[in-house]
Each structure stands twice: as C-alpha cells, then as structure tokens.
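Participant: I am sharing run33.cif, which consists of mmCIF, C-alpha atoms:
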```cif
data_query
loop_
_atom_site.label_atom_id
_atom_site.label_comp_id
_atom_site.auth_asym_id
_atom_site.auth_seq_id
_atom_site.Cartn_x
_atom_site.Cartn_y
_atom_site.Cartn_z
CA GLN A 1 87.82 232.75 21.31
CA VAL A 2 87.90 229.26 22.79
CA GLN A 3 86.26 229.29 26.19
CA LEU A 4 84.11 227.45 28.70
CA VAL A 5 81.99 229.36 31.21
CA GLU A 6 80.35 227.48 34.08
CA SER A 7 77.59 228.88 36.28
CA GLY A 8 74.86 227.86 38.69
CA GLY A 9 76.85 226.80 41.73
CA ASP A 10 75.56 227.76 45.15
CA PHE A 11 75.36 226.88 48.82
CA VAL A 12 72.58 224.34 49.50
CA GLN A 13 71.39 222.09 52.29
CA ASP A 14 71.82 218.33 52.29
CA GLY A 15 69.13 216.90 49.98
CA GLY A 16 68.84 220.07 47.91
CA SER A 17 69.06 220.55 44.16
CA LEU A 18 71.04 222.71 41.77
CA ARG A 19 71.28 223.06 38.01
CA LEU A 20 74.67 223.90 36.55
CA SER A 21 75.16 225.38 33.10
CA CYS A 22 78.21 225.54 30.87
CA ALA A 23 78.37 227.77 27.83
CA ALA A 24 81.01 226.68 25.33
CA SER A 25 82.30 228.35 22.23
CA GLY A 26 81.14 226.54 19.12
CA SER A 27 84.55 225.27 18.17
CA ILE A 28 84.71 223.33 21.45
CA PHE A 29 81.16 222.07 21.54
CA SER A 30 80.11 221.11 18.06
CA GLY A 31 80.18 217.38 17.41
CA LYS A 32 82.05 216.57 20.60
CA ALA A 33 81.23 214.63 23.72
CA MET A 34 81.11 216.94 26.73
CA GLY A 35 81.57 216.22 30.38
CA TRP A 36 81.22 217.61 33.87
CA TYR A 37 84.11 217.25 36.26
CA ARG A 38 84.61 218.21 39.88
CA GLN A 39 87.49 218.84 42.23
CA ALA A 40 87.08 218.78 45.98
CA PRO A 41 89.67 220.37 48.29
CA GLY A 42 92.78 218.23 48.49
CA LYS A 43 91.55 215.79 45.85
CA GLU A 44 92.20 215.12 42.18
CA ARG A 45 89.72 216.36 39.60
CA GLU A 46 87.30 213.57 38.69
CA SER A 47 84.88 212.97 35.88
CA VAL A 48 81.26 213.09 37.03
CA ALA A 49 79.17 212.71 33.88
CA ARG A 50 79.51 212.78 30.11
CA ILE A 51 77.20 213.14 27.14
CA THR A 52 77.93 212.40 23.50
CA ASP A 53 76.88 214.62 20.65
CA GLY A 54 74.04 212.18 20.06
CA GLY A 55 72.85 212.30 23.66
CA PHE A 56 74.23 209.10 25.16
CA THR A 57 75.13 209.62 28.81
CA ALA A 58 77.36 208.04 31.43
CA TYR A 59 77.90 208.77 35.12
CA VAL A 60 80.32 207.98 37.89
CA ASP A 61 78.71 205.52 40.31
CA SER A 62 78.52 208.02 43.17
CA VAL A 63 76.06 210.27 41.29
CA LYS A 64 73.98 207.73 39.36
CA GLY A 65 70.28 208.27 39.93
CA ARG A 66 70.87 211.75 41.37
CA PHE A 67 72.56 213.75 38.57
CA THR A 68 71.41 214.21 34.99
CA ILE A 69 73.56 215.64 32.23
CA SER A 70 71.97 217.18 29.15
CA ARG A 71 72.96 219.42 26.27
CA ASP A 72 71.40 221.99 23.98
CA ASN A 73 73.33 221.81 20.73
CA ALA A 74 71.64 224.94 19.36
CA ARG A 75 72.90 226.96 22.33
CA ASN A 76 76.31 225.25 22.71
CA THR A 77 75.39 224.62 26.34
CA VAL A 78 75.64 221.61 28.59
CA TYR A 79 73.73 221.24 31.86
CA LEU A 80 74.03 219.21 35.02
CA GLN A 81 70.88 218.76 37.08
CA MET A 82 71.90 217.69 40.58
CA ASN A 83 69.28 216.33 42.96
CA SER A 84 69.53 214.80 46.42
CA LEU A 85 72.80 216.59 46.97
CA LYS A 86 75.11 215.32 49.70
CA PRO A 87 77.96 217.00 51.57
CA GLU A 88 80.42 214.83 49.67
CA ASP A 89 79.26 216.52 46.45
CA THR A 90 80.91 219.72 47.65
CA ALA A 91 83.48 220.73 45.03
CA VAL A 92 84.29 223.12 42.23
CA TYR A 93 82.51 221.87 39.11
CA TYR A 94 83.95 222.27 35.63
CA CYS A 95 82.87 221.33 32.15
CA HIS A 96 85.14 220.33 29.31
CA THR A 97 85.22 217.98 26.39
CA SER A 98 85.14 214.31 27.30
CA PRO A 99 87.88 213.27 27.46
CA PRO A 100 89.48 216.68 28.07
CA ALA A 101 91.15 217.89 24.90
CA LEU A 102 94.68 219.26 25.13
CA GLY A 103 95.01 222.92 24.31
CA ILE A 104 91.56 223.94 25.50
CA PRO A 105 91.83 225.92 28.73
CA TRP A 106 89.65 224.98 31.68
CA GLY A 107 87.07 227.54 32.77
CA GLN A 108 86.92 229.09 36.21
CA GLY A 109 84.48 226.47 37.45
CA THR A 110 81.49 226.99 39.71
CA GLN A 111 81.48 226.26 43.44
CA VAL A 112 78.93 223.85 44.87
CA THR A 113 78.76 223.63 48.65
CA VAL A 114 76.39 221.22 50.38
CA SER A 115 75.96 221.58 54.12
CA SER A 116 74.88 218.79 56.42
#
```
Let's see the structure in the file written out as structure tokens.
Facilitator:
Amino acid sequence: QVQLVESGGDFVQDGGSLRLSCAASGSIFSGKAMGWYRQAPGKERESVARITDGGFTAYVDSVKGRFTISRDNARNTVYLQMNSLKPEDTAVYYCHTSPPALGIPWGQGTQVTVSS
C-alpha cells in the first residue's frame, strides 16, 4: 500500500522546538528526493525543505538556519527538526516526494501550532 504517515506535531511556545517524522512505504521512498511541505489556514501549500536520496538538502528562505531535514533510508523515514519556532510556522505539515509525484496520495499531515 502506498502511503505517507506524518507525526510529531504539537502545540509549542514561540522559540520552541519540534521534530516531525514521516514514514513512507518503500515504493515511495526508495531512490527519491523527499520533501516537507506546509499549509497554513487560508494559504497555499508551500515547500519547506527537501532532501535527495544522497542527502543533499535545500530550504525555503524563511526556515534556513532553523529547520533541518534528514532521512533514514533503512527505515524509509524522513525527519524535520524545527528549532526557534515562530508563530508564522503554524501550519499543517506534510511530507511527499520532491517534487510531489502524481498518483501518490497526500497523508493526513501533522499540526504544528506555535503560540506567541
């Protein structure tokens, strides 16, 4: 079964940290670049970070220096370590291939809420 399952979201204070996890079925994960995306209320979903199969990473400017994406190829899991969280980071966070591949359903996402 092709699926993506995100976890780790929570309610945190401004300046706090969270670590998100995404478990992917092997057919999605193996050999592919993976990414984290987020969607805030009333906004379009945006790409936050991506990591290639070989470990090269890229970030949207707003999270550079605060977020770190990583992957465990043996566990088909991708992580997002988020430090120095800000209220504007509040969103539902999703993982998917990068870029998102057609035909692979999005997971349910995980809610991150940062209070000021």
Participant: A:Ala23, A:Val112, A:Val12, A:Val2: which is nearest Asn76 of chain A, counting all atoms listed in the file?
Facilitator: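 Checking each of A:Ala23, A:Val112, A:Val12, A:Val2 against Asn76 of chain A, counting all atoms listed in the file, the winner is A:Ala23.
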Participant: Looking at A:Val63, A:Cys95, A:Leu80, A:Val114, which one is nearest to Val5 of chain A, with distances taken over all atoms listed in the file?
Facilitator: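 Smallest separation from Val5 of chain A among the options: A:Cys95.
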Participant: Using only C-alpha atoms, which residues sit within 8 Å of Arg66 of chain A once same-chain residues fewer than 3 positions away are excluded, as number ranges by chain?
Facilitator: A: 63, 82-85
Participant: I'd like the neighbourhood of Gln111 of chain A as a PDB file with C-alpha atoms, keeping the file's coordinate frame, where a residue qualifies if any of its atoms comes within 8 Å (using all atoms listed in the file), though same-chain residues fewer than 3 positions away should be ignored.
Facilitator:
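Okay, result_12.pdb is ready:
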```
ATOM      1  CA  GLY A   9      76.850 226.800  41.730  1.00  0.00           C
ATOM      2  CA  ASP A  10      75.560 227.760  45.150  1.00  0.00           C
ATOM      3  CA  THR A  90      80.910 219.720  47.650  1.00  0.00           C
ATOM      4  CA  ALA A  91      83.480 220.730  45.030  1.00  0.00           C
ATOM      5  CA  VAL A  92      84.290 223.120  42.230  1.00  0.00           C
ATOM      6  CA  TYR A  93      82.510 221.870  39.110  1.00  0.00           C
TER       7      TYR A  93
END
```
Participant: Tell me which protein, DNA and RNA residues are within 8 Å of Tyr59 of chain A, counting only C-alpha atoms, leaving out same-chain ones fewer than 6 positions away, and put them as a compact mmCIF listing (two decimals) with C-alpha atoms, in the coordinates of the input.
Facilitator:
```txt
# COMPACT_ATOMS: atom_id res chain seq x y z
CA VAL A 48 81.26 213.09 37.03
CA ALA A 49 79.17 212.71 33.88
CA ARG A 50 79.51 212.78 30.11
```
Participant: Please determine, counting all atoms listed in the file, which residue among A:Thr110, A:Thr68, A:Thr57, A:Ser116 has the shortest atom-to-atom distance to Ser98 of chain A.
Facilitator: A:Thr57
Participant: Near Ser21 of chain A, within 10 Å and counting all atoms listed in the file, which residues show up once chain neighbours fewer than 3 positions away are dropped, as a list of chain:residue names?
Facilitator: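 Near neighbours after the sequence-gap exclusion: A:Val5, A:Glu6, A:Ser7, A:Gly8, A:Gly9, A:Leu18, A:Ala24, A:Trp36, A:Ile69, A:Ser70, A:Arg71, A:Thr77, A:Val78, A:Tyr79, A:Leu80, A:Gln81, A:Tyr94, A:Cys95, A:Thr110.
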Participant: Quote the spacing between atom CA of Ser30 of chain A and atom CA of Arg45 of chain A in Å to one decimal place.
Facilitator: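 Here the two named atoms are 24.1 Å from each other.
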Participant: Work out how far atom CA of Tyr37 of chain A is from atom CA of Pro100 of chain A, in Å to one decimal.
Facilitator: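 Calculated distance between atom CA of Pro100 of chain A and atom CA of Tyr37 of chain A is 9.8 Å.
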